[in-house]
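First up is the structure itself, then whatever we jot down about it.
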Amino acid sequence: MRTTFALLLISLLGISTHIQAQTSLTANNSFISIQKLADTRINFNKILIKSRHIQAANLPQSKYIFNHPGLHRVNIEGLNFVVKNNAIIAIEEFILSKAALNMINDRLMVLDKMQYAYSESSNQGYLEGEKNTSLAFNNDRQFFSVLKNLKDTLKEISKMANDHQNTASVELSLAKWKQPKIDWEFYCQIVERETKSQLSK
């Protein structure tokens with residue numbers, strides 16, 4: 001009797017833990033639109049051209065897409081990514097090997113960090129006045145370019161999911177990925193700043 005009760009209790013605790021995890025994940029859902037991210041900055045630029053006056057409150061908010069602590073789900077371009085502590089641990093649309101997930105995670109995290117950094121750099125340039133406006137415009141162009149890279153990458157991942165490729169085929173497809181056309185020097189600067197920030201804590 002005691003054994004049966006103990007097994008029942010363990011089972012209930014397991015179910016409870018699973019429900020709590022699912023509830024936590026559901027509560028941390030985020031729906032991201034790359035087009036909306038682009039449109040927000042485009043609309044800001046249109047207002048800026050008309051008014052020539054910059055207000056901090058009107059600057060587009062820089063947002064990470066994947067790079068967040070904790071456990072959450074990101075729905076973007078029709079794909080559902082499960083992210084845990086700044087790393088993609090699953091894509092709900094298809095089963096991936098650890099190697100495949102690592103390749104996807106590495107690429108998307110690089111692009112995510114870059115779009116955020118370009119957005120921040122652009123905002124800072126606008127706030128510093130006319131002397132840095134041209135730099136801000138350039139950062140805007142780079143921001144849009146990285147968003148395009150992100151969208152193209154997600155399209156490729158979505159195609160793999162829709163084609164129902166097996167694990168080996170997915171890994172082979174990912175191995176053929178070309179490096180994204182980005183400013184790797186700028187990315188190194190991002191990593192350097194992050195490292196300094198972590199070391200200072």
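Chain labels follow the order of the structure tokens: the first chain is A, the next B, and so on; residue numbering restarts at 1 in every chain, and ligands are counted from 1 in their shown order.
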
Test item: residues at most 9 Å from Glu171 of chain A, only C-alpha atoms, excluding those fewer than 2 positions along its chain, as a short mmCIF file (atom, residue, chain, number, x, y, z; two decimals) with C-alpha atoms, in the first residue's frame:
data_model
loop_
_atom_site.label_atom_id
_atom_site.label_comp_id
_atom_site.auth_asym_id
_atom_site.auth_seq_id
_atom_site.Cartn_x
_atom_site.Cartn_y
_atom_site.Cartn_z
CA LEU A 96 16.91 18.14 -34.73
CA SER A 97 20.16 16.62 -33.60
CA ALA A 99 24.80 19.31 -33.85
CA ALA A 100 22.08 20.77 -36.10
CA MET A 103 24.60 25.32 -36.03
CA ASN A 166 15.68 13.51 -41.74
CA THR A 167 18.40 14.42 -39.25
CA ALA A 168 21.28 13.50 -41.56
CA SER A 169 19.82 15.54 -44.44
CA SER A 173 22.05 21.14 -45.59
CA LEU A 174 23.29 23.19 -42.64
CA ALA A 175 26.90 22.25 -43.37
CA LYS A 176 26.46 23.83 -46.81
#

>> Excluding Pro60 of chain A and its own-chain neighbours fewer than 5 positions away, which residues fall within 10 Å of it when counting only C-alpha atoms? Please give them as a ChimeraX atom specification.
In response: /A:37-45,119-120,122-123

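Of the listed residues (A:Lys113, A:Leu154, A:Cys188, A:Asp140), A:Leu154 comes nearest to Gly78 of chain A; the distances count only C-alpha atoms.
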
>> Between A:Ile89, A:Ile32, A:Leu127, A:Leu108, which residue has the minimum interatomic distance to Ala57 of chain A, considering only C-alpha atoms?
In response: A:Leu127

Residues within 12 Å of Arg141 of chain A, please, as a PDB file with C-alpha atoms, in the first residue's frame. Count only C-alpha atoms; anything in the same chain fewer than 2 positions from it doesn't count.
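Wrote it out as result.pdb, contents follow:
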ATOM      1  CA  ALA A  38      11.784  46.908 -39.981  1.00  0.00           C
ATOM      2  CA  ARG A  41      12.449  51.946 -37.883  1.00  0.00           C
ATOM      3  CA  ILE A  42      11.236  52.918 -41.358  1.00  0.00           C
ATOM      4  CA  ASN A  45      12.966  57.614 -40.308  1.00  0.00           C
ATOM      5  CA  GLN A 115      20.467  43.588 -35.286  1.00  0.00           C
ATOM      6  CA  TYR A 118      22.952  48.204 -34.925  1.00  0.00           C
ATOM      7  CA  SER A 119      19.640  49.429 -33.538  1.00  0.00           C
ATOM      8  CA  SER A 121      24.189  52.278 -32.247  1.00  0.00           C
ATOM      9  CA  SER A 122      21.747  53.999 -34.572  1.00  0.00           C
ATOM     10  CA  SER A 134      25.330  59.961 -41.160  1.00  0.00           C
ATOM     11  CA  LEU A 135      26.714  57.194 -38.929  1.00  0.00           C
ATOM     12  CA  ALA A 136      23.195  56.528 -37.651  1.00  0.00           C
ATOM     13  CA  PHE A 137      21.906  56.282 -41.236  1.00  0.00           C
ATOM     14  CA  ASN A 138      24.638  53.754 -42.015  1.00  0.00           C
ATOM     15  CA  ASN A 139      23.730  51.730 -38.925  1.00  0.00           C
ATOM     16  CA  PHE A 143      20.205  46.909 -39.386  1.00  0.00           C
ATOM     17  CA  PHE A 144      17.926  46.280 -42.370  1.00  0.00           C
ATOM     18  CA  SER A 145      20.582  44.107 -44.001  1.00  0.00           C
ATOM     19  CA  VAL A 146      20.866  41.907 -40.908  1.00  0.00           C
ATOM     20  CA  LEU A 147      17.077  41.600 -40.712  1.00  0.00           C
ATOM     21  CA  LYS A 148      17.094  40.364 -44.318  1.00  0.00           C
ATOM     22  CA  ILE A 182      27.884  40.775 -42.230  1.00  0.00           C
TER      23      ILE A 182
END

>> Need to verify the contact set: Ile76 of chain A, 9 Å, only C-alpha atoms, exclusion of same-chain residues closer than 2 positions in sequence. Can you return it as a list in words?
In response: Ser30, Phe31, Ile32, Ser33, Ile34, Ile65, Val74, Gly78, Leu79, Asn80, Phe81 and Leu154 of chain A

Contacts of Ile104 of chain A at 9 Å or less, counting only C-alpha atoms, minus same-chain residues fewer than 6 places along, as an mmCIF file with C-alpha atoms, in the first residue's frame?
data_model
loop_
_atom_site.group_PDB
_atom_site.id
_atom_site.type_symbol
_atom_site.label_atom_id
_atom_site.label_comp_id
_atom_site.auth_asym_id
_atom_site.auth_seq_id
_atom_site.Cartn_x
_atom_site.Cartn_y
_atom_site.Cartn_z
ATOM 1 C CA ILE A 88 17.878 27.690 -28.773
ATOM 2 C CA THR A 153 17.863 32.074 -42.694
ATOM 3 C CA ILE A 157 14.953 26.474 -41.763
ATOM 4 C CA LEU A 174 23.293 23.194 -42.644
#

>> Please identify the strand (DSSP E) residues within chain A (assignment by DSSP from backbone atoms) and present them as a ChimeraX atom specification.
In response: /A:29-32,71-76,79-84,87-91

> Residues of segment 3-200 of chain A in helix (DSSP H, G or I) according to DSSP, as an MDAnalysis selection string?
Replying inline: chainID A and resid 3:27 34:51 56:58 98:127 130:162 167:175 184:199

> Looking at A:Ala90, A:Leu199, A:Ile190, A:Val83, which one is nearest to Val110 of chain A, with distances taken over only C-alpha atoms?
Replying inline: A:Ile190

>> So that I can check the surroundings of Val82 of chain A, please list as a PyMOL selection string every protein, DNA and RNA residue that reaches within 12 Å of it, counting only C-alpha atoms and ignoring chain neighbours fewer than 2 positions away.
In response: chain A and resi 22+24-26+28-30+65-76+79-80+84-94+101+105

Expected file contents, prior selection, C-alpha atoms, as an mmCIF file, in the first residue's frame:
data_model
loop_
_atom_site.group_PDB
_atom_site.id
_atom_site.type_symbol
_atom_site.label_atom_id
_atom_site.label_comp_id
_atom_site.auth_asym_id
_atom_site.auth_seq_id
_atom_site.Cartn_x
_atom_site.Cartn_y
_atom_site.Cartn_z
ATOM 1 C CA GLN A 22 4.510 24.198 -19.714
ATOM 2 C CA SER A 24 5.965 28.952 -17.545
ATOM 3 C CA LEU A 25 6.756 28.436 -21.219
ATOM 4 C CA THR A 26 3.278 29.536 -22.287
ATOM 5 C CA ASN A 28 6.768 33.558 -21.800
ATOM 6 C CA ASN A 29 5.601 33.246 -25.394
ATOM 7 C CA SER A 30 6.668 36.024 -27.718
ATOM 8 C CA ILE A 65 14.620 38.183 -30.633
ATOM 9 C CA PHE A 66 16.208 35.066 -29.143
ATOM 10 C CA ASN A 67 18.869 36.289 -26.761
ATOM 11 C CA HIS A 68 16.952 36.201 -23.460
ATOM 12 C CA PRO A 69 17.513 34.459 -20.114
ATOM 13 C CA GLY A 70 15.052 31.938 -18.724
ATOM 14 C CA LEU A 71 12.750 29.607 -20.625
ATOM 15 C CA HIS A 72 10.503 30.961 -23.356
ATOM 16 C CA ARG A 73 9.072 30.277 -26.788
ATOM 17 C CA VAL A 74 9.631 32.564 -29.765
ATOM 18 C CA ASN A 75 7.181 32.402 -32.647
ATOM 19 C CA ILE A 76 8.763 34.003 -35.692
ATOM 20 C CA LEU A 79 8.468 28.706 -36.601
ATOM 21 C CA ASN A 80 8.366 28.087 -32.852
ATOM 22 C CA LYS A 84 16.531 28.524 -22.606
ATOM 23 C CA ASN A 85 19.073 30.892 -21.099
ATOM 24 C CA ASN A 86 20.112 32.582 -24.348
ATOM 25 C CA ALA A 87 20.304 29.388 -26.388
ATOM 26 C CA ILE A 88 17.878 27.690 -28.773
ATOM 27 C CA ILE A 89 17.202 24.210 -27.412
ATOM 28 C CA ALA A 90 14.453 23.092 -29.803
ATOM 29 C CA ILE A 91 12.373 23.992 -32.838
ATOM 30 C CA GLU A 92 8.889 22.597 -32.383
ATOM 31 C CA GLU A 93 8.227 22.021 -36.084
ATOM 32 C CA PHE A 94 10.825 19.256 -36.401
ATOM 33 C CA LEU A 101 20.630 22.822 -33.257
ATOM 34 C CA ASN A 105 21.671 28.543 -32.714
#

>> Between atom CA of Leu59 of chain A and atom CA of Glu194 of chain A, what distance in Å does the model show, to one decimal?
In response: 23.3 Å
